[in-house]
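The file final_34.txt contains compact mmCIF, C-alpha atoms:
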```txt
# COMPACT_ATOMS: atom_id res chain seq x y z
CA MET A 1 -25.98 -24.26 6.70
CA ARG A 2 -22.78 -25.09 4.87
CA ASP A 3 -24.43 -24.55 1.52
CA VAL A 4 -25.71 -21.13 2.45
CA PHE A 5 -22.25 -20.33 3.68
CA HIS A 6 -20.56 -21.32 0.44
CA GLU A 7 -23.14 -19.47 -1.61
CA GLN A 8 -22.39 -16.35 0.38
CA LEU A 9 -18.68 -16.94 -0.01
CA ASP A 10 -19.13 -17.25 -3.78
CA SER A 11 -21.01 -13.99 -3.72
CA VAL A 12 -18.03 -12.33 -1.99
CA PHE A 13 -15.78 -13.60 -4.79
CA ASP A 14 -18.27 -12.34 -7.40
CA ASP A 15 -18.00 -8.93 -5.78
CA LEU A 16 -14.20 -9.15 -5.90
CA SER A 17 -14.41 -9.91 -9.62
CA GLU A 18 -16.68 -6.95 -10.15
CA ILE A 19 -14.25 -4.68 -8.31
CA GLY A 20 -11.41 -6.14 -10.37
CA LYS A 21 -13.33 -5.16 -13.51
CA ARG A 22 -13.72 -1.61 -12.27
CA VAL A 23 -10.01 -1.47 -11.46
CA GLU A 24 -9.20 -2.75 -14.93
CA ASP A 25 -11.28 0.10 -16.40
CA ALA A 26 -9.58 2.61 -14.13
CA VAL A 27 -6.09 1.51 -15.19
CA ARG A 28 -7.00 1.47 -18.88
CA LEU A 29 -8.85 4.78 -18.91
CA GLY A 30 -6.34 6.49 -16.62
CA THR A 31 -3.60 5.51 -19.06
CA ALA A 32 -5.65 6.67 -22.06
CA ALA A 33 -6.21 10.02 -20.32
CA LEU A 34 -2.48 10.25 -19.64
CA LEU A 35 -1.29 9.40 -23.13
CA ARG A 36 -3.87 11.64 -24.83
CA GLY A 37 -3.85 14.51 -22.37
CA ASP A 38 -7.61 14.02 -22.08
CA VAL A 39 -8.91 15.93 -19.08
CA GLU A 40 -12.49 14.63 -19.32
CA LEU A 41 -11.37 11.04 -19.29
CA ALA A 42 -9.10 11.82 -16.34
CA GLU A 43 -12.05 13.34 -14.45
CA GLN A 44 -14.10 10.26 -15.23
CA VAL A 45 -11.48 7.95 -13.66
CA ILE A 46 -11.14 10.21 -10.63
CA SER A 47 -14.87 10.40 -9.97
CA ALA A 48 -15.50 6.69 -10.63
CA ASP A 49 -13.16 5.76 -7.77
CA ILE A 50 -15.94 6.30 -5.24
CA GLU A 51 -17.72 3.28 -6.74
CA ILE A 52 -14.69 1.10 -6.03
CA ASP A 53 -14.59 2.40 -2.45
CA ARG A 54 -18.29 1.61 -1.99
CA ALA A 55 -17.93 -1.83 -3.49
CA ARG A 56 -15.06 -2.47 -1.07
CA GLU A 57 -17.31 -1.50 1.84
CA ARG A 58 -19.97 -3.93 0.67
CA VAL A 59 -17.45 -6.77 0.47
CA GLU A 60 -16.22 -5.95 3.97
CA GLU A 61 -19.78 -6.01 5.31
CA LYS A 62 -20.46 -9.38 3.74
CA ALA A 63 -17.18 -10.85 4.92
CA PHE A 64 -17.77 -9.69 8.50
CA ALA A 65 -21.29 -11.08 8.40
CA LEU A 66 -19.93 -14.43 7.26
CA LEU A 67 -17.24 -14.42 9.94
CA SER A 68 -19.56 -13.56 12.75
CA LEU A 69 -22.69 -15.48 11.81
CA GLN A 70 -21.14 -18.60 10.35
CA GLN A 71 -18.04 -18.95 12.52
CA PRO A 72 -15.98 -20.65 9.84
CA VAL A 73 -12.77 -22.52 10.64
CA ALA A 74 -9.68 -23.69 8.77
CA GLY A 75 -9.92 -23.23 4.99
CA ASP A 76 -13.13 -21.20 5.02
CA LEU A 77 -11.78 -18.83 7.63
CA ARG A 78 -8.60 -18.41 5.63
CA THR A 79 -10.61 -17.70 2.50
CA ILE A 80 -12.64 -14.92 4.07
CA VAL A 81 -9.62 -13.24 5.62
CA ALA A 82 -7.87 -13.48 2.25
CA ALA A 83 -10.91 -11.88 0.58
CA LEU A 84 -10.71 -8.98 3.03
CA ARG A 85 -7.10 -8.44 2.08
CA MET A 86 -7.70 -8.83 -1.63
CA VAL A 87 -10.37 -6.16 -1.56
CA SER A 88 -7.97 -3.74 0.15
CA GLU A 89 -5.36 -4.38 -2.51
CA LEU A 90 -7.86 -3.93 -5.33
CA GLU A 91 -9.01 -0.65 -3.82
CA ARG A 92 -5.39 0.51 -3.62
CA MET A 93 -4.93 -0.32 -7.31
CA GLY A 94 -7.91 1.91 -8.01
CA ASP A 95 -6.30 4.72 -5.98
CA LEU A 96 -3.09 4.37 -7.97
CA SER A 97 -5.05 4.69 -11.22
CA VAL A 98 -6.50 7.89 -9.80
CA HIS A 99 -2.94 9.14 -9.24
CA VAL A 100 -2.18 8.45 -12.90
CA ALA A 101 -5.34 10.30 -13.92
CA LYS A 102 -4.38 13.26 -11.72
CA VAL A 103 -1.01 13.59 -13.45
CA ALA A 104 -2.89 13.54 -16.76
CA ARG A 105 -5.30 16.23 -15.55
CA LEU A 106 -2.52 18.42 -14.17
CA ARG A 107 -0.75 18.64 -17.54
CA ALA A 108 -3.74 18.49 -19.94
CA PRO A 109 -4.26 19.47 -22.69
CA ASN A 110 -0.53 18.78 -22.87
CA ILE A 111 0.64 15.21 -22.50
CA ALA A 112 2.65 14.70 -19.32
CA VAL A 113 4.91 12.09 -20.92
CA PRO A 114 7.34 13.37 -23.60
CA GLU A 115 7.05 11.54 -26.90
CA GLU A 116 10.51 10.04 -26.70
CA ILE A 117 9.75 8.14 -23.48
CA ARG A 118 6.11 7.40 -24.29
CA PRO A 119 6.78 3.85 -25.56
CA VAL A 120 8.31 2.84 -22.22
CA VAL A 121 5.52 4.40 -20.17
CA ALA A 122 2.88 2.92 -22.49
CA ARG A 123 4.50 -0.49 -22.07
CA MET A 124 4.50 -0.12 -18.26
CA ALA A 125 0.81 0.73 -18.47
CA ASP A 126 0.18 -2.28 -20.74
CA VAL A 127 1.97 -4.61 -18.35
CA ALA A 128 -0.01 -3.22 -15.41
CA GLU A 129 -3.29 -3.46 -17.30
CA ASP A 130 -2.53 -6.98 -18.47
CA MET A 131 -1.71 -8.03 -14.90
CA VAL A 132 -5.00 -6.60 -13.66
CA ALA A 133 -6.91 -8.43 -16.42
CA ARG A 134 -5.14 -11.66 -15.57
CA VAL A 135 -5.73 -11.27 -11.85
CA LEU A 136 -9.39 -10.76 -12.59
CA ALA A 137 -9.50 -14.07 -14.47
CA ILE A 138 -7.52 -15.68 -11.64
CA ILE A 139 -10.05 -14.51 -9.03
CA THR A 140 -12.99 -15.63 -11.13
CA GLY A 141 -11.54 -19.04 -11.98
CA ARG A 142 -9.49 -19.49 -8.77
CA ASP A 143 -6.75 -20.43 -11.18
CA VAL A 144 -3.62 -21.37 -9.24
CA GLU A 145 -1.34 -22.03 -12.21
CA SER A 146 -2.01 -18.64 -13.76
CA ALA A 147 -1.60 -17.04 -10.34
CA ILE A 148 1.85 -18.55 -9.93
CA ALA A 149 2.79 -17.49 -13.48
CA LEU A 150 1.69 -13.92 -12.74
CA GLY A 151 4.16 -13.70 -9.88
CA ARG A 152 6.97 -14.64 -12.24
CA ASP A 153 6.09 -12.02 -14.84
CA ASP A 154 6.62 -9.12 -12.50
CA GLU A 155 10.20 -8.92 -13.77
CA GLU A 156 9.31 -6.98 -16.93
CA MET A 157 8.00 -4.07 -14.89
CA ASP A 158 11.33 -3.78 -13.05
CA GLN A 159 13.19 -3.75 -16.35
CA LEU A 160 10.90 -1.07 -17.76
CA ARG A 161 11.40 1.09 -14.71
CA ARG A 162 15.16 0.76 -14.99
CA SER A 163 15.08 1.64 -18.65
CA SER A 164 12.88 4.68 -17.96
CA PHE A 165 15.44 5.89 -15.40
CA THR A 166 18.26 5.41 -17.92
CA GLN A 167 16.41 7.68 -20.33
CA LEU A 168 15.46 10.29 -17.73
CA LEU A 169 18.98 10.55 -16.38
CA SER A 170 20.85 10.53 -19.66
CA ASP A 171 22.53 13.67 -20.99
CA ASP A 172 20.16 13.52 -23.96
CA TRP A 173 17.11 14.15 -21.79
CA ALA A 174 15.82 17.47 -23.12
CA HIS A 175 12.47 17.71 -21.33
CA GLY A 176 13.53 19.20 -18.05
CA VAL A 177 12.81 18.36 -14.45
CA GLU A 178 9.02 18.51 -14.49
CA ALA A 179 8.55 15.81 -17.12
CA ALA A 180 11.23 13.67 -15.48
CA VAL A 181 9.51 13.88 -12.10
CA ASP A 182 6.14 13.06 -13.69
CA VAL A 183 7.56 10.01 -15.45
CA ALA A 184 9.38 8.80 -12.32
CA LEU A 185 6.20 9.02 -10.25
CA LEU A 186 4.07 7.43 -12.98
CA GLY A 187 6.55 4.55 -13.10
CA ARG A 188 6.14 4.16 -9.37
CA TYR A 189 2.34 4.08 -9.66
CA TYR A 190 2.36 1.41 -12.39
CA GLU A 191 4.93 -0.61 -10.49
CA ARG A 192 2.73 -0.57 -7.40
CA ILE A 193 -0.33 -1.61 -9.41
CA ALA A 194 1.69 -4.60 -10.65
CA ASP A 195 2.90 -5.39 -7.10
CA HIS A 196 -0.67 -5.43 -5.82
CA ALA A 197 -1.77 -7.66 -8.71
CA VAL A 198 0.95 -10.17 -7.77
CA SER A 199 -0.09 -9.97 -4.17
CA VAL A 200 -3.76 -10.64 -4.99
CA ALA A 201 -2.70 -13.58 -7.18
CA ASN A 202 -0.63 -14.96 -4.29
CA ARG A 203 -3.65 -14.80 -2.03
CA VAL A 204 -5.64 -16.83 -4.54
CA VAL A 205 -2.92 -19.51 -4.49
CA PHE A 206 -3.14 -19.51 -0.73
CA VAL A 207 -6.94 -19.75 -0.71
CA VAL A 208 -7.04 -22.63 -3.16
CA THR A 209 -4.05 -24.70 -2.04
CA GLY A 210 -4.00 -23.79 1.64
CA GLN A 211 -0.29 -24.51 1.46
CA ASN A 212 0.87 -21.86 3.81
CA PRO A 213 1.79 -23.57 7.09
CA ARG A 214 1.63 -20.26 8.97
CA THR A 215 -2.12 -20.18 8.83
CA VAL A 216 -3.18 -23.80 8.70
CA GLY A 217 -0.93 -24.79 11.60
CA ALA A 218 -3.13 -22.84 13.98
CA MET B 1 -12.14 -19.06 28.28
CA ARG B 2 -12.84 -15.38 27.75
CA ASP B 3 -9.89 -14.41 29.90
CA VAL B 4 -7.48 -16.56 27.96
CA PHE B 5 -8.85 -14.99 24.82
CA HIS B 6 -8.29 -11.44 25.99
CA GLU B 7 -4.81 -12.27 27.23
CA GLN B 8 -3.98 -13.59 23.80
CA LEU B 9 -5.51 -10.55 22.18
CA ASP B 10 -3.38 -8.32 24.40
CA SER B 11 -0.36 -10.28 23.31
CA VAL B 12 -1.23 -9.56 19.66
CA PHE B 13 -1.33 -5.86 20.49
CA ASP B 14 1.99 -6.14 22.34
CA ASP B 15 3.42 -7.60 19.14
CA LEU B 16 1.97 -4.75 17.12
CA SER B 17 3.66 -2.28 19.48
CA GLU B 18 6.94 -4.09 19.09
CA ILE B 19 6.65 -3.95 15.30
CA GLY B 20 5.76 -0.27 15.55
CA LYS B 21 8.99 0.27 17.50
CA ARG B 22 11.00 -1.45 14.78
CA VAL B 23 9.29 0.66 12.13
CA GLU B 24 10.09 3.78 14.12
CA ASP B 25 13.76 2.76 14.13
CA ALA B 26 13.65 2.04 10.40
CA VAL B 27 12.21 5.46 9.59
CA ARG B 28 14.67 7.27 11.86
CA LEU B 29 17.76 5.36 10.75
CA GLY B 30 16.75 5.37 7.08
CA THR B 31 16.48 9.15 7.26
CA ALA B 32 19.81 9.45 9.08
CA ALA B 33 21.43 7.30 6.37
CA LEU B 34 19.85 9.52 3.73
CA LEU B 35 20.85 12.86 5.21
CA ARG B 36 24.39 11.75 6.03
CA GLY B 37 25.03 9.59 2.95
CA ASP B 38 25.88 6.77 5.35
CA VAL B 39 25.97 3.49 3.45
CA GLU B 40 26.46 1.29 6.53
CA LEU B 41 23.43 2.71 8.25
CA ALA B 42 21.46 2.24 5.03
CA GLU B 43 22.52 -1.42 4.88
CA GLN B 44 21.48 -1.84 8.49
CA VAL B 45 17.95 -0.60 7.77
CA ILE B 46 17.70 -2.77 4.66
CA SER B 47 18.80 -5.95 6.41
CA ALA B 48 16.72 -5.31 9.55
CA ASP B 49 13.53 -5.37 7.49
CA ILE B 50 13.45 -9.17 7.58
CA GLU B 51 12.77 -8.91 11.32
CA ILE B 52 9.68 -6.81 10.67
CA ASP B 53 8.49 -9.36 8.10
CA ARG B 54 8.99 -12.20 10.57
CA ALA B 55 7.21 -10.33 13.34
CA ARG B 56 4.31 -9.78 10.96
CA GLU B 57 4.13 -13.50 10.28
CA ARG B 58 4.02 -14.22 14.01
CA VAL B 59 1.15 -11.76 14.50
CA GLU B 60 -0.74 -13.35 11.61
CA GLU B 61 -0.29 -16.81 13.11
CA LYS B 62 -1.57 -15.68 16.48
CA ALA B 63 -4.52 -13.84 14.98
CA PHE B 64 -5.54 -16.85 12.91
CA ALA B 65 -5.22 -19.10 15.95
CA LEU B 66 -7.48 -16.75 17.89
CA LEU B 67 -10.02 -16.60 15.09
CA SER B 68 -10.19 -20.31 14.57
CA LEU B 69 -9.89 -21.61 18.14
CA GLN B 70 -11.88 -18.97 19.98
CA GLN B 71 -14.51 -18.11 17.37
CA PRO B 72 -14.93 -14.54 18.53
CA VAL B 73 -17.92 -12.44 17.53
CA ALA B 74 -18.80 -8.74 17.35
CA GLY B 75 -16.18 -6.48 18.94
CA ASP B 76 -13.56 -9.16 19.45
CA LEU B 77 -13.85 -10.34 15.88
CA ARG B 78 -13.52 -6.77 14.66
CA THR B 79 -10.45 -6.26 16.82
CA ILE B 80 -8.62 -9.27 15.43
CA VAL B 81 -9.39 -8.41 11.83
CA ALA B 82 -8.24 -4.84 12.52
CA ALA B 83 -5.00 -6.21 14.01
CA LEU B 84 -4.39 -8.21 10.82
CA ARG B 85 -4.75 -5.05 8.80
CA MET B 86 -2.64 -2.95 11.13
CA VAL B 87 0.22 -5.40 10.90
CA SER B 88 0.11 -5.22 7.08
CA GLU B 89 0.25 -1.45 7.21
CA LEU B 90 3.13 -1.46 9.68
CA GLU B 91 5.06 -3.86 7.47
CA ARG B 92 4.47 -1.56 4.50
CA MET B 93 5.85 1.37 6.49
CA GLY B 94 8.97 -0.72 7.07
CA ASP B 95 9.24 -1.40 3.32
CA LEU B 96 8.98 2.31 2.58
CA SER B 97 11.82 3.00 5.04
CA VAL B 98 13.84 0.44 3.10
CA HIS B 99 13.14 2.43 -0.08
CA VAL B 100 14.50 5.55 1.64
CA ALA B 101 17.58 3.61 2.72
CA LYS B 102 18.10 2.33 -0.82
CA VAL B 103 18.13 5.86 -2.22
CA ALA B 104 20.71 6.72 0.46
CA ARG B 105 22.82 3.71 -0.49
CA LEU B 106 22.60 4.42 -4.21
CA ARG B 107 24.09 7.92 -3.83
CA ALA B 108 26.44 7.37 -0.87
CA PRO B 109 28.96 8.69 0.05
CA ASN B 110 27.22 11.60 -1.60
CA ILE B 111 23.98 12.82 -0.07
CA ALA B 112 21.02 12.24 -2.38
CA VAL B 113 19.25 15.39 -1.23
CA PRO B 114 20.86 18.72 -2.29
CA GLU B 115 21.57 21.03 0.63
CA GLU B 116 19.13 23.67 -0.49
CA ILE B 117 16.13 21.30 -0.27
CA ARG B 118 17.38 19.33 2.71
CA PRO B 119 15.31 21.29 5.28
CA VAL B 120 12.06 20.37 3.51
CA VAL B 121 13.01 16.70 3.17
CA ALA B 122 14.25 16.59 6.76
CA ARG B 123 10.96 18.07 7.89
CA MET B 124 8.98 15.48 5.89
CA ALA B 125 11.06 12.79 7.57
CA ASP B 126 10.42 14.37 10.98
CA VAL B 127 6.69 14.49 10.39
CA ALA B 128 6.68 10.85 9.26
CA GLU B 129 8.81 9.76 12.22
CA ASP B 130 6.67 11.71 14.64
CA MET B 131 3.52 10.12 13.23
CA VAL B 132 5.03 6.66 13.62
CA ALA B 133 6.00 7.43 17.23
CA ARG B 134 2.51 8.72 17.95
CA VAL B 135 0.82 5.75 16.32
CA LEU B 136 2.97 3.48 18.47
CA ALA B 137 1.69 5.26 21.60
CA ILE B 138 -1.84 5.07 20.19
CA ILE B 139 -1.60 1.30 19.70
CA THR B 140 -0.13 0.76 23.15
CA GLY B 141 -2.63 2.98 24.95
CA ARG B 142 -5.57 2.40 22.54
CA ASP B 143 -5.85 6.15 22.67
CA VAL B 144 -8.79 7.29 20.56
CA GLU B 145 -8.38 11.04 21.04
CA SER B 146 -4.76 10.98 19.89
CA ALA B 147 -5.73 8.73 17.00
CA ILE B 148 -8.32 11.22 15.80
CA ALA B 149 -5.82 14.07 16.20
CA LEU B 150 -3.25 12.16 14.12
CA GLY B 151 -5.67 12.02 11.20
CA ARG B 152 -5.96 15.77 11.27
CA ASP B 153 -2.20 16.42 11.27
CA ASP B 154 -1.67 14.74 7.93
CA GLU B 155 -2.08 18.14 6.31
CA GLU B 156 1.50 19.26 7.03
CA MET B 157 2.88 16.44 4.90
CA ASP B 158 0.81 17.59 1.92
CA GLN B 159 2.09 21.13 2.33
CA LEU B 160 5.68 19.93 2.54
CA ARG B 161 5.29 17.89 -0.60
CA ARG B 162 3.84 20.85 -2.44
CA SER B 163 6.66 23.10 -1.31
CA SER B 164 9.25 20.49 -2.36
CA PHE B 165 7.72 20.45 -5.85
CA THR B 166 7.81 24.23 -6.01
CA GLN B 167 11.54 24.12 -5.31
CA LEU B 168 12.26 21.23 -7.70
CA LEU B 169 10.39 22.82 -10.56
CA SER B 170 11.62 26.39 -10.14
CA ASP B 171 14.06 27.94 -12.60
CA ASP B 172 16.55 28.23 -9.75
CA TRP B 173 16.86 24.46 -9.36
CA ALA B 174 20.51 23.81 -10.20
CA HIS B 175 20.85 20.16 -9.24
CA GLY B 176 19.60 18.48 -12.36
CA VAL B 177 17.14 15.71 -13.03
CA GLU B 178 18.65 12.95 -10.91
CA ALA B 179 18.41 14.84 -7.62
CA ALA B 180 14.92 16.07 -8.52
CA VAL B 181 13.70 12.54 -9.20
CA ASP B 182 15.27 11.30 -5.95
CA VAL B 183 13.57 14.04 -3.94
CA ALA B 184 10.20 13.48 -5.65
CA LEU B 185 10.30 9.75 -4.89
CA LEU B 186 11.52 10.31 -1.32
CA GLY B 187 8.61 12.69 -0.82
CA ARG B 188 6.28 9.98 -2.04
CA TYR B 189 7.77 7.43 0.40
CA TYR B 190 7.44 9.73 3.41
CA GLU B 191 3.92 10.68 2.37
CA ARG B 192 2.94 7.01 2.19
CA ILE B 193 4.47 6.32 5.62
CA ALA B 194 2.30 9.13 6.98
CA ASP B 195 -0.78 7.79 5.16
CA HIS B 196 -0.28 4.36 6.69
CA ALA B 197 0.19 5.88 10.15
CA VAL B 198 -3.16 7.65 9.78
CA SER B 199 -4.75 4.46 8.59
CA VAL B 200 -3.42 2.46 11.57
CA ALA B 201 -4.67 5.20 13.91
CA ASN B 202 -8.11 5.02 12.28
CA ARG B 203 -8.22 1.30 12.90
CA VAL B 204 -7.51 1.89 16.58
CA VAL B 205 -10.47 4.29 16.73
CA PHE B 206 -12.58 1.61 15.12
CA VAL B 207 -11.40 -1.11 17.50
CA VAL B 208 -12.02 0.97 20.62
CA THR B 209 -15.26 2.73 19.71
CA GLY B 210 -16.74 0.15 17.34
CA GLN B 211 -18.50 3.08 15.72
CA ASN B 212 -18.31 1.89 12.19
CA PRO B 213 -21.79 0.67 11.26
CA ARG B 214 -20.41 -1.30 8.30
CA THR B 215 -18.97 -3.97 10.56
CA VAL B 216 -21.14 -3.99 13.63
CA GLY B 217 -24.39 -3.98 11.68
CA ALA B 218 -23.66 -7.48 10.42
```
Once you've parsed the file, please lay out its structure as C-alpha cells.
Amino acid sequence: MRDVFHEQLDSVFDDLSEIGKRVEDAVRLGTAALLRGDVELAEQVISADIEIDRARERVEEKAFALLSLQQPVAGDLRTIVAALRMVSELERMGDLSVHVAKVARLRAPNIAVPEEIRPVVARMADVAEDMVARVLAIITGRDVESAIALGRDDEEMDQLRRSSFTQLLSDDWAHGVEAAVDVALLGRYYERIADHAVSVANRVVFVVTGQNPRTVGA
Amino acid sequence: MRDVFHEQLDSVFDDLSEIGKRVEDAVRLGTAALLRGDVELAEQVISADIEIDRARERVEEKAFALLSLQQPVAGDLRTIVAALRMVSELERMGDLSVHVAKVARLRAPNIAVPEEIRPVVARMADVAEDMVARVLAIITGRDVESAIALGRDDEEMDQLRRSSFTQLLSDDWAHGVEAAVDVALLGRYYERIADHAVSVANRVVFVVTGQNPRTVGA
C-alpha cells in the first residue's frame, strides 16, 4: 500500500514539473511577445493558459484522491498539502504571464516598452524566467540547497523595480503616461512571478526537510 | 469522535471569520490613510499585518492537526483543504492592503491620488471593502446564495479600472507620471483584493454544496 502511495505521490510531482515547464514557456513567450510587439505570440500565450488550468485540476484530483483513499499522516500529509499549494502558485504564475501577453497584444504592432527602458524590463523578465527554470529543477530534484538559494536571489528583482521607477519618474522620461503605466504594471507582474517562484521553492524545502514546527507539531 | 471533529472544524471557521474581520479593517484603514495622506494610519495598517500572518499560522496548525489526527474523508476533507486555501487568500488580501498603505505613506502628507480621480479610486476601495465585508458574512453564515451573488458583482471593479485608465491616459491628465503610476498600481491592488474575495466566496460554495466533481469524484 505504501509503495502505491509513493508512486502516486511521485506522479503528482511529475505533474507539477510538467506544469512548471508550461509556466516557463508562458513567461518566455509572453516576454518575447512583449519585447517584439508580436500579437500572434501573445495570443498563443493567452490561449495556452487553459492547458495550465486543466493540468492544475488534474493535480488537485490526484491529490484529493491520495488524501481520501490513503489517509496519509505526518510527512506524507504535509507533502500532499504542499503540492496543492504549489500547483495554485504555478497556475498564478501562468496567469501573470497572460497579463504580460495582454499588454503586448494591446500595444502591438508597437512595443509597449520604450527602447530606453527595455534593458531593465528585459532583465526583470530574465530574472523571472530564470527563477521559474530553477524552481522547475528544484521540484524535479527536490533540491533543498537550490531552493534556499533561490529565496536569497529575490533581491535583484527589487533592485530592478526600483531602478525602473527611477527612470519612469525622472524628468528625462519622454514617453508619456501610457508607457509609464505599462512598465509599472509589467514590473509588478514580473515581481509577482518571482515571489511565487520563491514561495514554491520554500514549499519544497518544507516538504523535504519537514523543519517547520507549525505543521509537524500537530 | 465526530462531534469533537466538527467542533474543531467550526473553530477553524471562527478563526477564518476573525481573520476576515482584520482584513476588513486593513482595507478600510489603508484606504483612509491613502485618501487622507495619513502616515500614522498607514503605519498602523502596515504593522498590524503581522497579526494576520500569525492568525494564518494558527489556522494552518489547527487544520493540519485535524487532517492528521481525525483522518477525515469526503466532505470534511474537502472543507479543511478549502479552509487552508481560504486562509491563504485572506492573508494575501491583508498584504494588498499593506501595499495600499505603503503608497499612502510614501506620498504623505500629500495625498497620492489627485483630487480629480479620487472619486473613482474611492469607489474601487468601497467595492473592495464591501466585498470583504460580504465575504466575511458568507464565511460566518456559510451563505451559498450570497457567495454566488458576490462572484457576479466583480464586474463593477473592472469597469472602475477601465474608467480610471481612461482618465489617466487622457490628454487632460495634468498630474504627471508619478500620480498616474500610483493610481494604476492602486487599481491593481484593489482589483486583486476583489478577486480574492470572489475566490474565497467560491470556496464557500464548494464547501457547502460539494458540487465540484473534481474533488468528490475521487
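When atom CA of Leu34 of chain A is paired with atom CA of Ala104 of chain A, their separation reads 4.4 Å.
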Pull out every residue of chain A that has at least one atom within 8 Å of chain B, counting all atoms listed in the file, and report them as number ranges by chain.
A: 57, 60-62, 64-65, 67-68, 71-74, 77, 81, 85, 168-169, 176-178, 180-181, 184-185, 214-215, 218
If you count only C-alpha atoms, which residues fall within 8 Å of Ala133 of chain B, apart from same-chain ones fewer than 3 positions away, as a PDB file with C-alpha atoms, in the frame of the given file?
```pdb
ATOM      1  CA  GLY B  20       5.760  -0.270  15.550  1.00  0.00           C
ATOM      2  CA  LYS B  21       8.990   0.270  17.500  1.00  0.00           C
ATOM      3  CA  GLU B  24      10.090   3.780  14.120  1.00  0.00           C
ATOM      4  CA  GLU B 129       8.810   9.760  12.220  1.00  0.00           C
ATOM      5  CA  ASP B 130       6.670  11.710  14.640  1.00  0.00           C
ATOM      6  CA  LEU B 136       2.970   3.480  18.470  1.00  0.00           C
ATOM      7  CA  ALA B 137       1.690   5.260  21.600  1.00  0.00           C
TER       8      ALA B 137
END
```
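For the pair atom CA of Asp53 of chain A and atom CA of Asp143 of chain B, the interatomic distance is 26.9 Å.
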Atom CA of Ala42 of chain A to atom CA of Val103 of chain A, distance in Å rounded to a single decimal
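Taking atom CA of Ala42 of chain A and atom CA of Val103 of chain A, their separation equals 8.8 Å.
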A:Ser47, A:Asp126, A:Met131, A:Ile80: which is nearest Lys102 of chain A, counting all atoms listed in the file?
A:Ser47
B:Asn202, B:Thr209, B:Gln8, B:Gln167 ranked by distance to Pro114 of chain B, top pick (using only C-alpha atoms)
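Among the listed residues, the smallest separation from Pro114 of chain B belongs to B:Gln167.
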Using only C-alpha atoms, which protein or nucleic acid residues come within 7 Å of segment 153-162 of chain B? Drop anything in the same chain fewer than 2 positions from it, and give the result as a PyMOL selection string.
chain B and resi 120+124+127+149-151+164-166+187+191+194
Which is closer to Val27 of chain B than all the others in B:Ile138, B:Leu186, B:Val100, B:Leu106, using only C-alpha atoms?
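Using only C-alpha atoms, Val27 of chain B sits closest to B:Val100.
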Residues within 12 Å of Gly141 of chain B, please, as a PDB file with C-alpha atoms, in the frame of the given file. Count only C-alpha atoms; anything in the same chain fewer than 5 positions from it doesn't count.
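File written: out-v9.pdb
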```
ATOM      1  CA  ASP B  10      -3.380  -8.320  24.400  1.00  0.00           C
ATOM      2  CA  PHE B  13      -1.330  -5.860  20.490  1.00  0.00           C
ATOM      3  CA  ASP B  14       1.990  -6.140  22.340  1.00  0.00           C
ATOM      4  CA  LEU B  16       1.970  -4.750  17.120  1.00  0.00           C
ATOM      5  CA  SER B  17       3.660  -2.280  19.480  1.00  0.00           C
ATOM      6  CA  ARG B 134       2.510   8.720  17.950  1.00  0.00           C
ATOM      7  CA  VAL B 135       0.820   5.750  16.320  1.00  0.00           C
ATOM      8  CA  LEU B 136       2.970   3.480  18.470  1.00  0.00           C
ATOM      9  CA  SER B 146      -4.760  10.980  19.890  1.00  0.00           C
ATOM     10  CA  ALA B 147      -5.730   8.730  17.000  1.00  0.00           C
ATOM     11  CA  ALA B 201      -4.670   5.200  13.910  1.00  0.00           C
ATOM     12  CA  VAL B 204      -7.510   1.890  16.580  1.00  0.00           C
ATOM     13  CA  VAL B 205     -10.470   4.290  16.730  1.00  0.00           C
ATOM     14  CA  VAL B 208     -12.020   0.970  20.620  1.00  0.00           C
TER      15      VAL B 208
END
```
Adding 8 Å on each side of the box along x, y and z that holds all listed atoms of segment 194-201 of chain A, could you give its centre and edge lengths in Å to one decimal, as AutoDock Vina command-line options?
```
--center_x -0.4 --center_y -9.1 --center_z -7.4 --size_x 22.7 --size_y 25.0 --size_z 22.5
```
Residue nearest Ile139 of chain A - candidates A:Asp49, A:Asp38, A:Asp15, A:Asp25, atoms counted: only C-alpha atoms
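Looking at the shortest contact to Ile139 of chain A, the residue is A:Asp15.
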